[in-house]
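File shown here: data.cif, holding mmCIF, C-alpha atoms (C1' of nucleotides).
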data_model
loop_
_atom_site.label_atom_id
_atom_site.label_comp_id
_atom_site.auth_asym_id
_atom_site.auth_seq_id
_atom_site.Cartn_x
_atom_site.Cartn_y
_atom_site.Cartn_z
CA MET A 1 42.96 -96.92 -139.77
CA THR A 2 44.50 -99.54 -141.99
CA ALA A 3 41.49 -99.25 -144.22
CA HIS A 4 41.74 -102.94 -145.02
CA GLY A 5 37.97 -102.94 -144.92
CA PRO A 6 35.77 -105.97 -144.32
CA TYR A 7 37.16 -107.32 -141.13
CA SER A 8 37.88 -110.84 -140.01
CA CYS A 9 36.33 -110.17 -136.62
CA GLY A 10 35.02 -107.45 -134.34
CA LEU A 11 38.32 -106.94 -132.61
CA ASP A 12 39.90 -106.30 -135.97
CA ALA A 13 37.36 -103.59 -136.67
CA ALA A 14 37.68 -102.01 -133.23
CA LEU A 15 41.45 -101.85 -133.42
CA ASP A 16 41.17 -100.28 -136.81
CA VAL A 17 39.14 -97.46 -135.27
CA VAL A 18 41.06 -97.00 -132.04
CA GLY A 19 44.47 -98.41 -132.95
CA GLY A 20 47.69 -96.52 -133.32
CA LYS A 21 49.63 -94.68 -130.71
CA TRP A 22 47.35 -91.79 -129.88
CA LYS A 23 43.63 -92.30 -130.42
CA SER A 24 42.86 -94.16 -127.24
CA LEU A 25 44.80 -91.60 -125.24
CA ILE A 26 42.82 -88.80 -126.83
CA LEU A 27 39.56 -90.57 -126.05
CA TRP A 28 40.59 -91.05 -122.45
CA ALA A 29 41.47 -87.42 -122.04
CA LEU A 30 38.07 -86.44 -123.41
CA ALA A 31 36.31 -88.98 -121.23
CA GLU A 32 37.99 -87.57 -118.17
CA HIS A 33 37.60 -83.88 -118.86
CA GLY A 34 34.43 -83.86 -120.88
CA ARG A 35 35.23 -81.03 -123.23
CA LEU A 36 38.61 -79.67 -124.17
CA ARG A 37 40.09 -77.03 -126.41
CA PHE A 38 42.79 -77.95 -128.85
CA GLY A 39 45.57 -76.57 -126.70
CA GLU A 40 44.22 -78.17 -123.53
CA LEU A 41 44.01 -81.49 -125.30
CA ARG A 42 47.59 -81.13 -126.43
CA ARG A 43 48.67 -80.67 -122.85
CA GLU A 44 46.57 -83.61 -121.65
CA VAL A 45 48.20 -85.95 -124.15
CA PRO A 46 51.86 -85.55 -123.36
CA GLY A 47 54.34 -85.96 -126.18
CA ILE A 48 51.89 -85.58 -129.03
CA THR A 49 52.73 -83.13 -131.79
CA GLU A 50 50.25 -80.71 -133.28
CA LYS A 51 50.28 -82.59 -136.54
CA MET A 52 49.42 -85.92 -134.96
CA LEU A 53 46.78 -84.41 -132.70
CA VAL A 54 44.96 -82.79 -135.60
CA GLN A 55 45.28 -85.85 -137.76
CA GLN A 56 43.97 -88.25 -135.13
CA LEU A 57 41.16 -85.89 -134.14
CA ARG A 58 40.04 -85.67 -137.76
CA GLN A 59 39.87 -89.43 -138.02
CA LEU A 60 38.04 -89.77 -134.73
CA GLU A 61 35.61 -87.14 -135.95
CA ALA A 62 35.15 -88.90 -139.29
CA ASP A 63 34.33 -92.10 -137.44
CA GLY A 64 31.75 -90.30 -135.33
CA LEU A 65 33.55 -90.79 -132.04
CA VAL A 66 34.42 -87.18 -131.37
CA ASP A 67 32.53 -83.95 -131.85
CA ARG A 68 34.23 -80.76 -133.01
CA GLU A 69 32.74 -77.43 -132.11
CA VAL A 70 34.07 -74.25 -133.67
CA HIS A 71 33.32 -71.00 -131.87
CA GLN A 72 33.57 -68.26 -134.45
CA GLN A 73 35.70 -65.69 -132.67
CA VAL A 74 39.13 -64.15 -132.48
CA PRO A 75 41.34 -65.65 -131.24
CA PRO A 76 39.97 -68.98 -132.46
CA LYS A 77 38.37 -71.38 -130.02
CA VAL A 78 37.66 -74.98 -130.93
CA GLU A 79 36.31 -77.49 -128.48
CA TYR A 80 36.37 -81.24 -128.72
CA SER A 81 34.15 -83.69 -126.89
CA MET A 82 33.15 -87.31 -127.06
CA THR A 83 29.98 -88.31 -128.83
CA ASP A 84 27.61 -90.87 -127.31
CA PHE A 85 28.99 -93.33 -129.79
CA GLY A 86 32.51 -92.52 -128.67
CA ALA A 87 31.44 -93.12 -125.09
CA THR A 88 30.35 -96.67 -125.92
CA LEU A 89 33.78 -97.35 -127.37
CA ASN A 90 35.44 -95.84 -124.37
CA GLU A 91 33.50 -98.15 -122.07
CA ALA A 92 34.55 -101.12 -124.13
CA LEU A 93 38.15 -100.04 -123.64
CA VAL A 94 37.95 -99.92 -119.85
CA PRO A 95 38.76 -103.61 -119.20
CA LEU A 96 41.75 -103.42 -121.51
CA GLY A 97 42.98 -100.30 -119.78
CA GLU A 98 42.60 -101.95 -116.39
CA TRP A 99 44.47 -105.00 -117.62
CA GLY A 100 47.31 -102.79 -118.75
CA GLU A 101 47.29 -100.96 -115.46
CA ARG A 102 47.49 -104.21 -113.50
CA ASN A 103 50.20 -105.76 -115.64
CA MET A 104 52.29 -102.83 -116.76
CA ARG A 105 55.05 -103.51 -114.27
CA ARG A 106 55.20 -107.18 -115.16
CA ILE A 107 55.46 -106.48 -118.86
CA VAL A 108 58.17 -103.87 -118.53
CA GLU A 109 60.23 -105.99 -116.16
CA ARG A 110 59.92 -109.06 -118.32
CA ARG A 111 61.15 -107.18 -121.34
CA ALA A 112 64.01 -105.60 -119.42
CA GLY A 113 65.39 -108.80 -117.95
CA MET B 114 55.50 -103.36 -129.51
CA THR B 115 56.54 -99.77 -129.89
CA ALA B 116 58.90 -100.31 -127.01
CA HIS B 117 58.42 -96.72 -125.88
CA GLY B 118 58.57 -98.04 -122.40
CA PRO B 119 57.01 -96.37 -119.37
CA TYR B 120 53.47 -95.81 -120.44
CA SER B 121 51.18 -92.88 -119.99
CA CYS B 122 48.32 -95.19 -119.01
CA GLY B 123 47.22 -98.80 -118.87
CA LEU B 124 45.59 -98.69 -122.25
CA ASP B 125 48.85 -97.53 -123.72
CA ALA B 126 50.61 -100.54 -122.23
CA ALA B 127 47.93 -102.99 -123.31
CA LEU B 128 47.95 -101.75 -126.87
CA ASP B 129 51.70 -102.03 -126.93
CA VAL B 130 51.35 -105.71 -126.11
CA VAL B 131 48.38 -106.59 -128.28
CA GLY B 132 48.51 -103.89 -130.91
CA GLY B 133 49.26 -104.30 -134.57
CA LYS B 134 47.36 -106.11 -137.18
CA TRP B 135 47.76 -109.72 -136.12
CA LYS B 136 48.32 -110.35 -132.43
CA SER B 137 44.74 -110.14 -131.29
CA LEU B 138 43.67 -112.40 -134.12
CA ILE B 139 46.26 -114.96 -133.12
CA LEU B 140 45.12 -114.81 -129.51
CA TRP B 141 41.53 -115.31 -130.54
CA ALA B 142 42.37 -118.33 -132.64
CA LEU B 143 44.21 -119.88 -129.70
CA ALA B 144 41.38 -119.03 -127.32
CA GLU B 145 38.92 -120.73 -129.60
CA HIS B 146 40.90 -123.85 -130.43
CA GLY B 147 43.00 -124.24 -127.32
CA ARG B 148 46.15 -125.58 -128.90
CA LEU B 149 47.30 -125.31 -132.49
CA ARG B 150 50.23 -126.33 -134.60
CA PHE B 151 52.02 -123.71 -136.66
CA GLY B 152 50.32 -124.75 -139.88
CA GLU B 153 46.87 -124.92 -138.27
CA LEU B 154 47.35 -121.46 -136.83
CA ARG B 155 48.30 -120.15 -140.24
CA ARG B 156 45.06 -121.48 -141.65
CA GLU B 157 43.04 -120.06 -138.74
CA VAL B 158 44.43 -116.55 -139.30
CA PRO B 159 43.61 -115.95 -142.93
CA GLY B 160 45.91 -113.73 -144.92
CA ILE B 161 48.87 -113.86 -142.57
CA THR B 162 52.25 -114.74 -144.02
CA GLU B 163 54.65 -117.21 -142.43
CA LYS B 164 57.02 -114.39 -141.62
CA MET B 165 54.43 -112.34 -139.77
CA LEU B 166 53.05 -115.37 -137.95
CA VAL B 167 56.45 -116.37 -136.62
CA GLN B 168 57.35 -112.82 -135.73
CA GLN B 169 54.15 -112.11 -133.83
CA LEU B 170 54.23 -115.48 -132.08
CA ARG B 171 57.77 -114.80 -130.86
CA GLN B 172 56.68 -111.48 -129.40
CA LEU B 173 53.61 -112.98 -127.77
CA GLU B 174 55.83 -115.69 -126.32
CA ALA B 175 58.36 -113.14 -125.07
CA ASP B 176 55.55 -111.28 -123.31
CA GLY B 177 54.38 -114.50 -121.67
CA LEU B 178 51.01 -114.59 -123.40
CA VAL B 179 51.60 -117.67 -125.52
CA ASP B 180 53.31 -120.95 -124.80
CA ARG B 181 55.42 -122.71 -127.42
CA GLU B 182 55.87 -126.46 -127.20
CA VAL B 183 58.38 -128.20 -129.44
CA HIS B 184 57.89 -131.91 -129.94
CA GLN B 185 61.25 -133.31 -130.91
CA GLN B 186 60.40 -135.47 -133.89
CA VAL B 187 60.53 -135.74 -137.68
CA PRO B 188 58.71 -134.14 -139.31
CA PRO B 189 58.76 -131.23 -136.83
CA LYS B 190 55.74 -130.55 -134.66
CA VAL B 191 55.34 -127.35 -132.71
CA GLU B 192 52.22 -126.47 -130.78
CA TYR B 193 51.11 -123.09 -129.54
CA SER B 194 48.67 -122.38 -126.75
CA MET B 195 47.61 -119.50 -124.56
CA THR B 196 49.12 -119.10 -121.11
CA ASP B 197 46.94 -118.24 -118.13
CA PHE B 198 48.29 -114.73 -118.40
CA GLY B 199 47.31 -114.63 -122.06
CA ALA B 200 43.83 -115.73 -121.10
CA THR B 201 43.41 -112.73 -118.81
CA LEU B 202 44.32 -110.44 -121.67
CA ASN B 203 41.94 -112.23 -123.95
CA GLU B 204 39.10 -111.68 -121.48
CA ALA B 205 39.92 -108.01 -121.32
CA LEU B 206 39.62 -107.89 -125.09
CA VAL B 207 36.13 -109.37 -125.20
CA PRO B 208 34.18 -106.10 -124.73
CA LEU B 209 36.22 -104.43 -127.42
CA GLY B 210 35.60 -107.31 -129.78
CA GLU B 211 31.88 -107.17 -129.08
CA TRP B 212 31.86 -103.44 -129.69
CA GLY B 213 33.51 -103.99 -133.04
CA GLU B 214 31.07 -106.72 -133.88
CA ARG B 215 28.10 -104.50 -133.09
CA ASN B 216 29.40 -101.45 -134.93
CA MET B 217 31.36 -102.89 -137.81
CA ARG B 218 28.62 -102.19 -140.33
CA ARG B 219 28.16 -98.64 -139.14
CA ILE B 220 31.87 -97.89 -139.36
CA VAL B 221 32.29 -99.31 -142.82
CA GLU B 222 29.21 -97.56 -144.17
CA ARG B 223 30.18 -94.26 -142.68
CA ARG B 224 33.61 -94.44 -144.26
CA ALA B 225 32.20 -95.44 -147.61
CA GLY B 226 29.60 -92.73 -147.89
"C1'" DC C 227 45.00 -70.08 -130.65
"C1'" DT C 228 44.30 -73.54 -134.02
"C1'" DG C 229 45.78 -75.25 -137.14
"C1'" DT C 230 48.81 -76.37 -142.48
"C1'" DA C 231 52.65 -77.71 -145.13
"C1'" DT C 232 56.96 -80.10 -145.73
"C1'" DC C 233 60.49 -83.10 -145.17
"C1'" DC C 234 62.48 -87.12 -143.23
"C1'" DC C 235 62.98 -91.33 -140.61
"C1'" DT C 236 61.48 -95.55 -138.60
"C1'" DT C 237 58.56 -99.35 -138.29
"C1'" DA C 238 55.01 -102.51 -139.94
"C1'" DA C 239 53.89 -105.37 -143.22
"C1'" DG C 240 53.95 -108.02 -147.74
"C1'" DA C 241 56.31 -111.04 -151.41
"C1'" DT C 242 59.22 -114.48 -152.48
"C1'" DA C 243 62.71 -117.85 -152.15
"C1'" DC C 244 65.03 -121.10 -149.52
"C1'" DT C 245 66.46 -124.68 -145.45
"C1'" DG C 246 66.88 -128.41 -141.54
"C1'" DC D 247 56.45 -129.09 -141.10
"C1'" DA D 248 58.15 -125.13 -139.32
"C1'" DG D 249 60.49 -122.05 -139.93
"C1'" DT D 250 64.86 -118.24 -142.10
"C1'" DA D 251 66.58 -114.82 -145.09
"C1'" DT D 252 66.21 -111.05 -148.05
"C1'" DC D 253 64.14 -107.44 -150.45
"C1'" DT D 254 60.61 -104.04 -151.20
"C1'" DT D 255 56.69 -101.22 -150.26
"C1'" DA D 256 53.30 -98.81 -147.33
"C1'" DA D 257 52.12 -96.61 -143.35
"C1'" DG D 258 52.95 -94.29 -138.95
"C1'" DG D 259 55.05 -90.98 -136.80
"C1'" DG D 260 58.28 -86.87 -135.62
"C1'" DA D 261 60.54 -82.09 -136.37
"C1'" DT D 262 60.20 -77.84 -137.94
"C1'" DA D 263 58.47 -73.83 -140.07
"C1'" DC D 264 54.72 -71.08 -141.16
"C1'" DA D 265 49.67 -69.10 -141.73
"C1'" DG D 266 44.72 -67.25 -140.70
#
Before we go any further, please render this structure as structure tokens.
Amino acid sequence: MTAHGPYSCGLDAALDVVGGKWKSLILWALAEHGRLRFGELRREVPGITEKMLVQQLRQLEADGLVDREVHQQVPPKVEYSMTDFGATLNEALVPLGEWGERNMRRIVERRAG
Amino acid sequence: MTAHGPYSCGLDAALDVVGGKWKSLILWALAEHGRLRFGELRREVPGITEKMLVQQLRQLEADGLVDREVHQQVPPKVEYSMTDFGATLNEALVPLGEWGERNMRRIVERRAG
DNA sequence: CTGTATCCCTTAAGATACTG
DNA sequence: CAGTATCTTAAGGGATACAG
């Protein structure tokens, strides 16, 4: 979300959309569970604050990756889910996630010692 | 490079290693050209400052993704190339780069209007 | 329950000047 | 040529309190 507009390459654009600490984690949670309320989402993304969760969700929504569904009732109920477009991004993220999974240990150890 | 250590998932770890504005662009330049001197790399990554280029290269080197070769001579000559490990990361980035390439226009337009 | 509104701190990044 | 050093700004993120 650097908003530095016209990108030097596709990766640049993709990281602008999914970069930062939380967005990819939010997408993964939605991919796994399909449809989550705000509070559920907060529990599925450990460590995130309410402020960051709302903020990142709004940006994901603005970029058309996430759908927000408000059920008019008391107490409030809002559900979030991935759009089809969001699903294509999520698929593109799979190899990167697998790479991280495979090499996490190596990276951490290398940095420690 | 948030250094928040033990990750919540692989994607988290991968983005820690390749996140930020420049690292992926540097990797791509090295993947394309194979081996580049500092000055060549600076020209291949448009807009980057010397400070950022050095800083990001040092981190990529520390993580074992990039190899730094100093040729002891005057004037100085230092060449950078991707390690085999770096190449595996680069491959994992391809789908994401392609996604960005395909959807760049859509993203930009949506944000504009 | 689903958010807003502040305040504050840390980090990322940019500009510029200088050195072996 | 390949960096260092320093300063400044911009952005990301966190803590806490509060509201509909």
Evaluated on this file, the PyMOL selection byres ((chain C) within 9 of (chain A)) picks out some residues - which ones are they, written as a PyMOL selection string? chain C and resi 227-230
Residues of chain D within 10 Å of chain A, counting all atoms listed in the file, as a PDB file with C-alpha atoms (C1' of nucleotides), keeping the file's coordinate frame:
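Below is the file that was written, out_38.pdb:
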ATOM      1  C1'  DA D 257      52.120 -96.610-143.350  1.00  0.00           C
ATOM      2  C1'  DG D 258      52.950 -94.290-138.950  1.00  0.00           C
ATOM      3  C1'  DG D 259      55.050 -90.980-136.800  1.00  0.00           C
ATOM      4  C1'  DG D 260      58.280 -86.870-135.620  1.00  0.00           C
ATOM      5  C1'  DA D 261      60.540 -82.090-136.370  1.00  0.00           C
ATOM      6  C1'  DG D 266      44.720 -67.250-140.700  1.00  0.00           C
TER       7       DG D 266
END
Taking the file above as input, evaluate the PyMOL selection byres ((chain A) within 10 of (chain B)) and report the hits as a ChimeraX atom specification. /A:2-3,5-25,28,45-47,62-64,85,88-108,110-112
Can I have chain B aligned to chain A? Use a least-squares fit on all Cα atoms paired in order and write it out as a CSV table (one decimal) with C-alpha atoms, in the coordinates of the input.
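So the final result, stored in out-v7.csv, reads:
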chain,number,residue,atom,x,y,z
B,114,MET,CA,42.9,-96.9,-139.7
B,115,THR,CA,44.4,-99.5,-141.9
B,116,ALA,CA,41.4,-99.2,-144.2
B,117,HIS,CA,41.6,-102.9,-145.0
B,118,GLY,CA,37.9,-102.9,-145.0
B,119,PRO,CA,35.7,-105.9,-144.3
B,120,TYR,CA,37.2,-107.3,-141.1
B,121,SER,CA,37.9,-110.8,-140.0
B,122,CYS,CA,36.3,-110.1,-136.6
B,123,GLY,CA,35.0,-107.4,-134.3
B,124,LEU,CA,38.3,-106.9,-132.6
B,125,ASP,CA,39.9,-106.3,-136.0
B,126,ALA,CA,37.4,-103.6,-136.7
B,127,ALA,CA,37.7,-102.0,-133.2
B,128,LEU,CA,41.5,-101.8,-133.4
B,129,ASP,CA,41.2,-100.3,-136.8
B,130,VAL,CA,39.2,-97.5,-135.3
B,131,VAL,CA,41.1,-97.0,-132.0
B,132,GLY,CA,44.5,-98.4,-132.9
B,133,GLY,CA,47.7,-96.5,-133.2
B,134,LYS,CA,49.6,-94.7,-130.6
B,135,TRP,CA,47.4,-91.8,-129.8
B,136,LYS,CA,43.7,-92.3,-130.4
B,137,SER,CA,42.9,-94.1,-127.2
B,138,LEU,CA,44.8,-91.6,-125.2
B,139,ILE,CA,42.8,-88.8,-126.8
B,140,LEU,CA,39.6,-90.6,-126.0
B,141,TRP,CA,40.6,-91.0,-122.4
B,142,ALA,CA,41.5,-87.4,-122.0
B,143,LEU,CA,38.1,-86.4,-123.4
B,144,ALA,CA,36.3,-89.0,-121.2
B,145,GLU,CA,38.0,-87.5,-118.2
B,146,HIS,CA,37.6,-83.9,-118.9
B,147,GLY,CA,34.4,-83.8,-120.9
B,148,ARG,CA,35.2,-81.0,-123.3
B,149,LEU,CA,38.6,-79.6,-124.2
B,150,ARG,CA,40.0,-77.0,-126.4
B,151,PHE,CA,42.8,-77.9,-128.9
B,152,GLY,CA,45.5,-76.5,-126.7
B,153,GLU,CA,44.2,-78.1,-123.5
B,154,LEU,CA,44.0,-81.5,-125.3
B,155,ARG,CA,47.6,-81.1,-126.4
B,156,ARG,CA,48.6,-80.6,-122.8
B,157,GLU,CA,46.5,-83.5,-121.6
B,158,VAL,CA,48.2,-85.9,-124.1
B,159,PRO,CA,51.8,-85.5,-123.3
B,160,GLY,CA,54.3,-85.9,-126.1
B,161,ILE,CA,51.9,-85.6,-129.0
B,162,THR,CA,52.8,-83.1,-131.7
B,163,GLU,CA,50.3,-80.7,-133.2
B,164,LYS,CA,50.3,-82.6,-136.5
B,165,MET,CA,49.5,-85.9,-134.9
B,166,LEU,CA,46.8,-84.4,-132.7
B,167,VAL,CA,45.0,-82.8,-135.6
B,168,GLN,CA,45.3,-85.9,-137.7
B,169,GLN,CA,44.0,-88.3,-135.1
B,170,LEU,CA,41.2,-85.9,-134.1
B,171,ARG,CA,40.1,-85.7,-137.8
B,172,GLN,CA,39.9,-89.4,-138.0
B,173,LEU,CA,38.1,-89.8,-134.7
B,174,GLU,CA,35.6,-87.1,-136.0
B,175,ALA,CA,35.2,-88.9,-139.3
B,176,ASP,CA,34.4,-92.1,-137.4
B,177,GLY,CA,31.8,-90.3,-135.3
B,178,LEU,CA,33.6,-90.8,-132.0
B,179,VAL,CA,34.5,-87.2,-131.4
B,180,ASP,CA,32.5,-84.0,-131.9
B,181,ARG,CA,34.3,-80.8,-133.0
B,182,GLU,CA,32.7,-77.4,-132.2
B,183,VAL,CA,34.1,-74.3,-133.8
B,184,HIS,CA,33.3,-71.0,-132.0
B,185,GLN,CA,33.5,-68.3,-134.5
B,186,GLN,CA,35.6,-65.7,-132.8
B,187,VAL,CA,39.0,-64.1,-132.6
B,188,PRO,CA,41.2,-65.6,-131.3
B,189,PRO,CA,39.9,-69.0,-132.5
B,190,LYS,CA,38.3,-71.4,-130.1
B,191,VAL,CA,37.6,-75.0,-131.0
B,192,GLU,CA,36.3,-77.5,-128.5
B,193,TYR,CA,36.4,-81.2,-128.7
B,194,SER,CA,34.2,-83.7,-126.9
B,195,MET,CA,33.2,-87.3,-127.1
B,196,THR,CA,30.0,-88.3,-128.9
B,197,ASP,CA,27.6,-90.9,-127.3
B,198,PHE,CA,29.0,-93.3,-129.8
B,199,GLY,CA,32.5,-92.5,-128.7
B,200,ALA,CA,31.5,-93.1,-125.1
B,201,THR,CA,30.4,-96.7,-125.9
B,202,LEU,CA,33.8,-97.3,-127.4
B,203,ASN,CA,35.5,-95.8,-124.3
B,204,GLU,CA,33.5,-98.2,-122.1
B,205,ALA,CA,34.6,-101.1,-124.1
B,206,LEU,CA,38.2,-100.0,-123.6
B,207,VAL,CA,38.0,-99.9,-119.8
B,208,PRO,CA,38.8,-103.6,-119.2
B,209,LEU,CA,41.8,-103.4,-121.5
B,210,GLY,CA,43.0,-100.3,-119.7
B,211,GLU,CA,42.6,-102.0,-116.4
B,212,TRP,CA,44.5,-105.1,-117.6
B,213,GLY,CA,47.3,-102.8,-118.7
B,214,GLU,CA,47.3,-101.0,-115.4
B,215,ARG,CA,47.5,-104.3,-113.5
B,216,ASN,CA,50.2,-105.8,-115.6
B,217,MET,CA,52.3,-102.9,-116.8
B,218,ARG,CA,55.1,-103.6,-114.3
B,219,ARG,CA,55.2,-107.3,-115.2
B,220,ILE,CA,55.5,-106.5,-118.9
B,221,VAL,CA,58.2,-104.0,-118.6
B,222,GLU,CA,60.2,-106.1,-116.2
B,223,ARG,CA,59.9,-109.2,-118.4
B,224,ARG,CA,61.1,-107.3,-121.4
B,225,ALA,CA,64.0,-105.7,-119.5
B,226,GLY,CA,65.4,-108.9,-118.0
I want to know what sits within 12 Å of DT252 (chain D), based on only C-alpha atoms (C1' of nucleotides), with residues of the same chain fewer than 4 positions away left out; could you give that as a VMD selection string? (chain B and resid 164) or (chain C and resid 241 to 244)
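Proximity to DA263 (chain D) at 12 Å, evaluated using only C-alpha atoms (C1' of nucleotides) and with sequence-adjacent residues fewer than 3 positions away removed, yields C:DT230, C:DA231, C:DT232, C:DC233.
In this model, the gap between C1' of DT250 (chain D) and CA of Gly113 (chain A) comes to 25.9 Å.
Pairwise distance (CA of Leu154 (chain B), CA of Thr196 (chain B)) equals 16.0 Å.
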Could you write out as lines of an AutoDock Vina configuration file the box around region 142-145 of chain B (axis-aligned, all atoms listed in the file, 4 Å on each side), with centre and edge lengths in Å to one decimal?
center_x = 41.6
center_y = -119.5
center_z = -130.0
size_x = 13.3
size_y = 10.4
size_z = 13.3
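What the PyMOL selection byres ((chain B and resi 147) around 12) grabs from this file is Ile139, Leu140, Trp141, Ala142, Leu143, Ala144, Glu145, His146, Arg148, Leu149, Arg150, Glu153, Leu154, Val179, Asp180, Glu192, Tyr193, Ser194, Met195, Thr196, Asp197, Gly199 and Ala200 of chain B.
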As a check of understanding: the span from CA of Glu222 (chain B) to CA of Arg68 (chain A) is 20.8 Å
